Structure formats: structure tokens, C-alpha cells
>>> print(open('target.txt').read())   # compact mmCIF, N, CA and C atoms
# COMPACT_ATOMS: atom_id res chain seq x y z
N MET A 288 91.25 -60.18 20.78
CA MET A 288 90.38 -60.94 19.89
C MET A 288 88.95 -60.94 20.44
N LYS A 289 88.01 -60.63 19.60
CA LYS A 289 86.60 -60.62 20.00
C LYS A 289 86.11 -62.07 20.00
N ASN A 290 85.77 -62.55 21.20
CA ASN A 290 85.43 -63.97 21.30
C ASN A 290 84.07 -64.21 21.97
N ALA A 291 83.25 -63.18 22.09
CA ALA A 291 81.89 -63.35 22.60
C ALA A 291 80.93 -62.85 21.51
N GLN A 292 79.70 -63.37 21.54
CA GLN A 292 78.74 -62.99 20.50
C GLN A 292 77.38 -62.74 21.13
N CYS A 293 76.74 -61.65 20.71
CA CYS A 293 75.41 -61.29 21.17
C CYS A 293 74.39 -62.29 20.60
N LYS A 294 73.52 -62.77 21.47
CA LYS A 294 72.51 -63.73 21.02
C LYS A 294 71.49 -63.09 20.08
N LYS A 295 71.21 -61.80 20.26
CA LYS A 295 70.18 -61.14 19.45
C LYS A 295 70.72 -60.67 18.10
N CYS A 296 71.77 -59.87 18.09
CA CYS A 296 72.23 -59.27 16.83
C CYS A 296 73.45 -59.98 16.24
N LEU A 297 74.00 -60.93 16.98
CA LEU A 297 75.16 -61.74 16.56
C LEU A 297 76.45 -60.91 16.44
N TYR A 298 76.44 -59.70 17.00
CA TYR A 298 77.63 -58.85 17.01
C TYR A 298 78.70 -59.51 17.88
N LYS A 299 79.93 -59.50 17.43
CA LYS A 299 81.03 -60.08 18.21
C LYS A 299 81.71 -58.98 19.01
N PHE A 300 82.07 -59.32 20.26
CA PHE A 300 82.69 -58.34 21.14
C PHE A 300 83.61 -59.05 22.13
N PHE A 301 84.32 -58.27 22.94
CA PHE A 301 85.24 -58.83 23.92
C PHE A 301 84.47 -59.39 25.12
N LYS A 302 85.00 -60.45 25.72
CA LYS A 302 84.34 -61.09 26.86
C LYS A 302 84.05 -60.11 27.99
N LYS A 303 84.96 -59.16 28.19
CA LYS A 303 84.77 -58.21 29.30
C LYS A 303 83.54 -57.32 29.09
N ASP A 304 83.01 -57.25 27.88
CA ASP A 304 81.86 -56.41 27.56
C ASP A 304 80.54 -57.17 27.51
N ILE A 305 80.51 -58.37 28.05
CA ILE A 305 79.30 -59.21 28.03
C ILE A 305 78.27 -58.68 29.01
N TYR A 306 77.03 -58.67 28.56
CA TYR A 306 75.89 -58.35 29.43
C TYR A 306 74.96 -59.56 29.42
N THR A 307 74.38 -59.87 30.57
CA THR A 307 73.40 -60.96 30.68
C THR A 307 72.19 -60.42 31.44
N ILE A 308 71.10 -61.17 31.40
CA ILE A 308 69.91 -60.72 32.13
C ILE A 308 70.10 -60.86 33.63
N GLN A 309 71.18 -61.49 34.07
CA GLN A 309 71.46 -61.56 35.50
C GLN A 309 71.63 -60.17 36.09
N GLN A 310 72.03 -59.22 35.26
CA GLN A 310 72.21 -57.85 35.75
C GLN A 310 70.88 -57.22 36.16
N PHE A 311 69.77 -57.79 35.75
CA PHE A 311 68.47 -57.26 36.13
C PHE A 311 68.12 -57.60 37.58
N GLN A 312 68.91 -58.42 38.24
CA GLN A 312 68.63 -58.73 39.64
C GLN A 312 68.85 -57.52 40.54
N TYR A 313 69.50 -56.50 40.03
CA TYR A 313 69.77 -55.30 40.82
C TYR A 313 68.68 -54.23 40.66
N ARG A 314 67.71 -54.49 39.79
CA ARG A 314 66.59 -53.56 39.65
C ARG A 314 65.61 -53.79 40.79
N LYS A 315 64.99 -52.72 41.24
CA LYS A 315 63.97 -52.87 42.29
C LYS A 315 62.68 -53.42 41.69
N LYS A 316 62.28 -52.87 40.57
CA LYS A 316 61.06 -53.30 39.88
C LYS A 316 61.37 -53.43 38.41
N PRO A 317 60.92 -54.41 37.72
CA PRO A 317 60.28 -55.63 38.22
C PRO A 317 61.29 -56.51 38.96
N THR A 318 60.75 -57.44 39.71
CA THR A 318 61.62 -58.33 40.49
C THR A 318 62.42 -59.24 39.55
N TYR A 319 63.51 -59.76 40.07
CA TYR A 319 64.34 -60.66 39.27
C TYR A 319 63.59 -61.94 38.93
N LYS A 320 62.81 -62.44 39.87
CA LYS A 320 62.03 -63.65 39.61
C LYS A 320 61.07 -63.42 38.44
N TRP A 321 60.38 -62.28 38.45
CA TRP A 321 59.47 -61.95 37.35
C TRP A 321 60.25 -61.83 36.05
N SER A 322 61.42 -61.19 36.10
CA SER A 322 62.25 -61.01 34.91
C SER A 322 62.66 -62.35 34.32
N LEU A 323 63.06 -63.29 35.18
CA LEU A 323 63.45 -64.62 34.69
C LEU A 323 62.29 -65.30 33.97
N GLU A 324 61.10 -65.20 34.53
CA GLU A 324 59.92 -65.81 33.91
C GLU A 324 59.59 -65.12 32.58
N PHE A 325 59.73 -63.80 32.54
CA PHE A 325 59.48 -63.04 31.32
C PHE A 325 60.45 -63.47 30.22
N PHE A 326 61.73 -63.54 30.54
CA PHE A 326 62.74 -63.89 29.54
C PHE A 326 62.68 -65.37 29.15
N GLU A 327 62.20 -66.20 30.04
CA GLU A 327 62.03 -67.62 29.71
C GLU A 327 61.02 -67.76 28.57
N LYS A 328 59.98 -66.93 28.59
CA LYS A 328 58.97 -66.95 27.52
C LYS A 328 59.58 -66.51 26.18
N LEU A 329 60.63 -65.70 26.23
CA LEU A 329 61.32 -65.25 25.02
C LEU A 329 62.47 -66.19 24.65
N GLU A 330 62.57 -67.30 25.38
CA GLU A 330 63.63 -68.29 25.19
C GLU A 330 65.02 -67.68 25.40
N ILE A 331 65.11 -66.86 26.43
CA ILE A 331 66.39 -66.26 26.81
C ILE A 331 66.76 -66.80 28.18
N ASP A 332 67.93 -67.37 28.26
CA ASP A 332 68.45 -67.93 29.50
C ASP A 332 69.24 -66.86 30.24
N GLU A 333 69.36 -67.00 31.56
CA GLU A 333 70.08 -65.97 32.31
C GLU A 333 71.57 -65.94 31.99
N TRP A 334 72.08 -66.92 31.28
CA TRP A 334 73.51 -66.94 30.92
C TRP A 334 73.77 -66.53 29.47
N ASP A 335 72.73 -66.24 28.72
CA ASP A 335 72.92 -65.80 27.33
C ASP A 335 73.64 -64.45 27.31
N SER A 336 74.51 -64.29 26.33
CA SER A 336 75.32 -63.07 26.23
C SER A 336 74.69 -62.07 25.26
N PHE A 337 74.78 -60.79 25.64
CA PHE A 337 74.25 -59.72 24.81
C PHE A 337 75.23 -58.55 24.77
N CYS A 338 75.17 -57.79 23.68
CA CYS A 338 75.94 -56.54 23.62
C CYS A 338 75.15 -55.48 24.41
N GLU A 339 75.77 -54.35 24.63
CA GLU A 339 75.12 -53.29 25.42
C GLU A 339 73.82 -52.80 24.77
N LYS A 340 73.83 -52.63 23.46
CA LYS A 340 72.64 -52.14 22.75
C LYS A 340 71.46 -53.09 22.92
N CYS A 341 71.71 -54.38 22.78
CA CYS A 341 70.63 -55.37 22.86
C CYS A 341 70.14 -55.56 24.30
N ILE A 342 71.04 -55.49 25.28
CA ILE A 342 70.59 -55.65 26.67
C ILE A 342 69.73 -54.45 27.06
N MET A 343 70.04 -53.28 26.52
CA MET A 343 69.21 -52.10 26.79
C MET A 343 67.83 -52.26 26.14
N PHE A 344 67.80 -52.86 24.96
CA PHE A 344 66.54 -53.15 24.28
C PHE A 344 65.67 -54.07 25.16
N TYR A 345 66.27 -55.15 25.67
CA TYR A 345 65.52 -56.09 26.49
C TYR A 345 65.16 -55.50 27.84
N SER A 346 65.97 -54.62 28.36
CA SER A 346 65.66 -53.95 29.61
C SER A 346 64.40 -53.11 29.45
N LYS A 347 64.33 -52.36 28.36
CA LYS A 347 63.14 -51.53 28.08
C LYS A 347 61.93 -52.41 27.82
N LYS A 348 62.12 -53.47 27.06
CA LYS A 348 61.02 -54.38 26.73
C LYS A 348 60.42 -55.00 27.99
N SER A 349 61.26 -55.46 28.90
CA SER A 349 60.76 -56.07 30.13
C SER A 349 60.12 -55.03 31.03
N ASN A 350 60.69 -53.84 31.09
CA ASN A 350 60.12 -52.77 31.91
C ASN A 350 58.75 -52.35 31.39
N ASP A 351 58.61 -52.23 30.07
CA ASP A 351 57.32 -51.90 29.47
C ASP A 351 56.28 -52.98 29.74
N ALA A 352 56.69 -54.25 29.65
CA ALA A 352 55.77 -55.36 29.93
C ALA A 352 55.32 -55.33 31.39
N TRP A 353 56.24 -55.00 32.28
CA TRP A 353 55.92 -54.92 33.71
C TRP A 353 54.89 -53.80 33.95
N LYS A 354 55.10 -52.66 33.32
CA LYS A 354 54.17 -51.54 33.49
C LYS A 354 52.78 -51.89 32.95
N LYS A 355 52.73 -52.55 31.80
CA LYS A 355 51.44 -52.96 31.23
C LYS A 355 50.74 -53.94 32.16
N LEU A 356 51.50 -54.84 32.75
CA LEU A 356 50.94 -55.82 33.69
C LEU A 356 50.36 -55.11 34.90
N LYS A 357 51.07 -54.12 35.42
CA LYS A 357 50.57 -53.37 36.57
C LYS A 357 49.27 -52.65 36.23
N VAL A 358 49.17 -52.09 35.03
CA VAL A 358 47.95 -51.41 34.61
C VAL A 358 46.80 -52.41 34.54
N LYS A 359 47.06 -53.58 33.96
CA LYS A 359 46.01 -54.61 33.87
C LYS A 359 45.57 -55.06 35.25
N LEU A 360 46.53 -55.23 36.17
CA LEU A 360 46.19 -55.65 37.53
C LEU A 360 45.35 -54.58 38.23
N PHE A 361 45.65 -53.32 37.99
CA PHE A 361 44.88 -52.23 38.58
C PHE A 361 43.45 -52.25 38.06
N ILE A 362 43.28 -52.45 36.77
CA ILE A 362 41.93 -52.48 36.18
C ILE A 362 41.14 -53.66 36.74
N VAL A 363 41.78 -54.81 36.85
CA VAL A 363 41.09 -55.99 37.38
C VAL A 363 40.72 -55.75 38.84
N SER A 364 41.64 -55.21 39.63
CA SER A 364 41.32 -54.98 41.04
C SER A 364 40.25 -53.91 41.19
N LYS A 365 40.19 -52.96 40.28
CA LYS A 365 39.17 -51.91 40.32
C LYS A 365 37.79 -52.51 40.10
N ASP A 366 37.70 -53.54 39.27
CA ASP A 366 36.43 -54.18 38.98
C ASP A 366 36.04 -55.25 40.00
N SER A 367 36.96 -55.62 40.85
CA SER A 367 36.67 -56.70 41.79
C SER A 367 35.91 -56.19 43.01
N GLU A 368 35.43 -57.09 43.82
CA GLU A 368 34.66 -56.73 45.01
C GLU A 368 35.52 -56.08 46.09
N PHE A 369 36.83 -56.17 45.96
CA PHE A 369 37.71 -55.63 46.98
C PHE A 369 38.01 -54.15 46.77
N TYR A 370 37.60 -53.63 45.66
CA TYR A 370 37.86 -52.23 45.35
C TYR A 370 36.89 -51.34 46.12
N GLU A 371 37.43 -50.35 46.78
CA GLU A 371 36.60 -49.41 47.51
C GLU A 371 36.69 -48.05 46.82
N PRO A 372 35.65 -47.65 46.11
CA PRO A 372 35.72 -46.37 45.41
C PRO A 372 35.79 -45.20 46.39
N ARG A 373 36.36 -44.11 45.92
CA ARG A 373 36.44 -42.91 46.75
C ARG A 373 35.03 -42.37 46.99
N SER A 374 34.89 -41.70 48.09
CA SER A 374 33.61 -41.08 48.40
C SER A 374 33.35 -39.96 47.42
N ARG A 375 32.12 -39.82 46.99
CA ARG A 375 31.78 -38.77 46.04
C ARG A 375 31.49 -37.44 46.75
N GLU A 376 31.44 -37.50 48.04
CA GLU A 376 31.20 -36.28 48.80
C GLU A 376 32.48 -35.46 48.84
N SER A 377 32.37 -34.20 48.53
CA SER A 377 33.55 -33.35 48.61
C SER A 377 33.67 -32.82 50.03
N LYS A 378 34.88 -32.80 50.50
CA LYS A 378 35.14 -32.31 51.85
C LYS A 378 35.90 -31.00 51.76
N LYS A 379 35.44 -30.06 52.52
CA LYS A 379 36.09 -28.76 52.52
C LYS A 379 37.31 -28.81 53.42
N ILE A 380 38.43 -28.40 52.87
CA ILE A 380 39.65 -28.36 53.65
C ILE A 380 39.92 -26.94 54.07
N SER A 381 40.10 -26.69 55.38
CA SER A 381 40.33 -25.33 55.86
C SER A 381 41.79 -25.01 55.90
>>> encode(input="target.txt", output="C-alpha cells")
Amino acid sequence: MKNAQCKKCLYKFFKKDIYTIQQFQYRKKPTYKWSLEFFEKLEIDEWDSFCEKCIMFYSKKSNDAWKKLKVKLFIVSKDSEFYEPRSRESKKIS
């Protein structure tokens, strides 16, 4: 009997096939702490159940958000006083 339900698509599935965002704690990047904060903004709790299709959707969504954040941080750090631009002098390598 299918007794679990995906929070996103409402698809019913077997308990053994449940996915939660807790599985993101095994990713190296983004960190699990960042992931929890990201999903909290989407009103997703670490115990909410998802089917495989929807957890893959959220995995991609969080990964894309992390990459965009890294790009923004790079641009901000590039404009800050701590950024050291490369030398414009070309060096000959023998």
C-alpha cells in the first residue's frame, strides 16, 4: 500500500522510497547548513517527504542558487578593496 505522499506533486508512493532534504547533508557543496537555510525560505522542512523526481528538482534548484550566490560573492569581492588585480605586465616563460 502506498502510504507516503510527496509534498510538491502530491504523488503517493511507498515509505521505502521517501526522499528528504536530509540527504543533502552528504553533498560537499553547498553545505548542509546553507541548504537548510535555503529550503527554510521555501517553507520546506528537513522531514518533508518527496518523490525521486521532486527531490532531484530541488537538488538542482539549490545547486543553481548556490552557484549564483558564488558568482555574486566573486563580483562583490572583485569590487572591494581586498581584491588584488593581476599584474598587467606579461612575463615571458622559458
>>> atom_distance(input="target.txt", atom1="atom N of Asp351 in chain A", atom2="atom N of Gln292 in chain A")
25.3 Å
>>> atom_distance(input="target.txt", atom1="CA of Phe326 in chain A", atom2="CA of Tyr345 in chain A")
8.8 Å
>>> atom_distance(input="target.txt", atom1="CA of Ala352 in chain A", atom2="CA of Asp335 in chain A")
20.2 Å
>>> residues_around(input="target.txt", residues="Cys338 in chain A", least_positions_apart="6", cutoff="8 Å", atoms="all atoms listed in the file", output="PyMOL selection string")
chain A and resi 291-300+304-307+344
